[in-house]
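Presented below is the structure to which this report refers.
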Amino acid sequence: MKKFIVYLSVLAVAAFVVTSVGACRKKGDTIAKVTVRDTANILVPGATVILYGESTTDPIQPVDLRDTTTTNTSGIATFNFNDIYQLGQAGVAVMNIAAEKGDLYGEGIIKIEEEEENRVTVFVQP
């Protein structure tokens with residue numbers, strides 16, 4: 001009986017250590033960066049960039065994932081998905097991109113992988 005209690009104690013301590021070590025892992029940043037360029041391959045600062053999800057189920061379900069920002073002086077729009085990604089999740093999202101500035105417009109798609117800086121370039125044209 002004494003051996004059994006010792007065995008259970010060691011097993012409990014081992015289980016605690018394994019779960020504690022896994023819980024200490026800090027989640028890395030999950031970022032999407034969209035570079036906007038025109039047909040002459042020139043960066044487009046001040047463009048409005050929209051990332052939005054689309055339902056892939058039948059029947060179609062509403063998708064609440066949508067974010068909008070403006071490109072910086074380097075023509076890059078940055079989106080942070082840290083609040084959406086949870087540790088242990090496989091992948092984050094595949095999102096549509098719409099970019100526009102004045103009469104210029106372009107579309108694209110970005111696959112957002114967990115704990116990475118995901119990059120894509122969208123070309124806008126009249």
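Residue numbering restarts at 1 for every chain of the structure tokens, chains are lettered A, B, ... in their displayed order, and ligands are numbered from 1 as they appear.
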Can I get the residues of range 96-121 of chain A within 6 Å of range 40-63 of chain A, each with the closest pair of atoms and their distance in Å to one decimal, using only C-alpha atoms, sorted chain first then ascending number, as CSV?
residue,atom,partner,partner_atom,distance
A:Asn96,CA,A:Tyr52,CA,5.3
A:Ile97,CA,A:Leu51,CA,4.8
A:Ala98,CA,A:Ile50,CA,5.2
A:Ala99,CA,A:Val49,CA,4.4
A:Glu100,CA,A:Thr48,CA,5.4
A:Lys101,CA,A:Ala47,CA,4.7
For range 115-124 of chain A, please output as a ChimeraX atom specification all residues within 8 Å (counting only C-alpha atoms; exclusion window: fewer than 3 positions along the same chain). /A:27-39,41,99-100,104-108,110-112
What is the distance, in Å and to one decimal place, between CA of Arg66 in chain A and CA of Val92 in chain A?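 It comes out at 13.4 Å.
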Running DSSP on the backbone, which parts of range 12-117 of chain A land in helix (DSSP H, G or I), as a ChimeraX atom specification? /A:12-23
Can you tell me, as a PyMOL selection string, which residues in range 19-68 of chain A count as strand (DSSP E) by DSSP? chain A and resi 31-38+48-52+66-68
What does the file look like for those residues with N, CA and C atoms, as an mmCIF file, in the first residue's frame?
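The resulting file, selection00.cif, is shown below:
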data_model
loop_
_atom_site.group_PDB
_atom_site.id
_atom_site.type_symbol
_atom_site.label_atom_id
_atom_site.label_comp_id
_atom_site.auth_asym_id
_atom_site.auth_seq_id
_atom_site.Cartn_x
_atom_site.Cartn_y
_atom_site.Cartn_z
ATOM 1 N N ILE A 31 0.522 38.471 -36.731
ATOM 2 C CA ILE A 31 0.413 39.754 -37.435
ATOM 3 C C ILE A 31 0.184 39.496 -38.925
ATOM 4 N N ALA A 32 -0.620 40.347 -39.545
ATOM 5 C CA ALA A 32 -0.794 40.341 -41.000
ATOM 6 C C ALA A 32 -0.344 41.698 -41.519
ATOM 7 N N LYS A 33 0.538 41.686 -42.527
ATOM 8 C CA LYS A 33 0.997 42.929 -43.149
ATOM 9 C C LYS A 33 0.675 42.874 -44.636
ATOM 10 N N VAL A 34 -0.080 43.872 -45.082
ATOM 11 C CA VAL A 34 -0.478 43.966 -46.479
ATOM 12 C C VAL A 34 0.237 45.166 -47.086
ATOM 13 N N THR A 35 1.075 44.901 -48.074
ATOM 14 C CA THR A 35 1.751 45.968 -48.809
ATOM 15 C C THR A 35 0.914 46.296 -50.034
ATOM 16 N N VAL A 36 0.655 47.587 -50.256
ATOM 17 C CA VAL A 36 -0.151 48.010 -51.398
ATOM 18 C C VAL A 36 0.758 48.731 -52.391
ATOM 19 N N ARG A 37 0.712 48.276 -53.644
ATOM 20 C CA ARG A 37 1.502 48.867 -54.733
ATOM 21 C C ARG A 37 0.576 49.145 -55.919
ATOM 22 N N ASP A 38 0.972 50.115 -56.741
ATOM 23 C CA ASP A 38 0.192 50.387 -57.950
ATOM 24 C C ASP A 38 0.769 49.584 -59.115
ATOM 25 N N THR A 48 -6.787 52.609 -48.100
ATOM 26 C CA THR A 48 -7.640 51.911 -47.141
ATOM 27 C C THR A 48 -7.592 50.422 -47.460
ATOM 28 N N VAL A 49 -7.279 49.617 -46.438
ATOM 29 C CA VAL A 49 -7.193 48.165 -46.609
ATOM 30 C C VAL A 49 -8.194 47.503 -45.667
ATOM 31 N N ILE A 50 -9.010 46.623 -46.239
ATOM 32 C CA ILE A 50 -10.023 45.899 -45.465
ATOM 33 C C ILE A 50 -9.717 44.409 -45.549
ATOM 34 N N LEU A 51 -9.622 43.751 -44.390
ATOM 35 C CA LEU A 51 -9.535 42.291 -44.328
ATOM 36 C C LEU A 51 -10.892 41.797 -43.854
ATOM 37 N N TYR A 52 -11.449 40.817 -44.549
ATOM 38 C CA TYR A 52 -12.760 40.307 -44.155
ATOM 39 C C TYR A 52 -12.871 38.814 -44.447
ATOM 40 N N ARG A 66 -13.703 41.076 -39.429
ATOM 41 C CA ARG A 66 -13.520 42.159 -40.391
ATOM 42 C C ARG A 66 -12.704 43.247 -39.705
ATOM 43 N N ASP A 67 -11.719 43.790 -40.422
ATOM 44 C CA ASP A 67 -10.882 44.845 -39.860
ATOM 45 C C ASP A 67 -10.442 45.776 -40.986
ATOM 46 N N THR A 68 -10.315 47.045 -40.670
ATOM 47 C CA THR A 68 -9.938 48.067 -41.652
ATOM 48 C C THR A 68 -8.840 48.941 -41.069
#
Given only C-alpha atoms as the counted atoms, nearest of A:Ile76, A:Phe81, A:Thr71, A:Pro126 to Met95 in chain A: A:Phe81
Length of the CA of Phe79 in chain A to CA of Ile109 in chain A vector [Å]: 13.9 Å
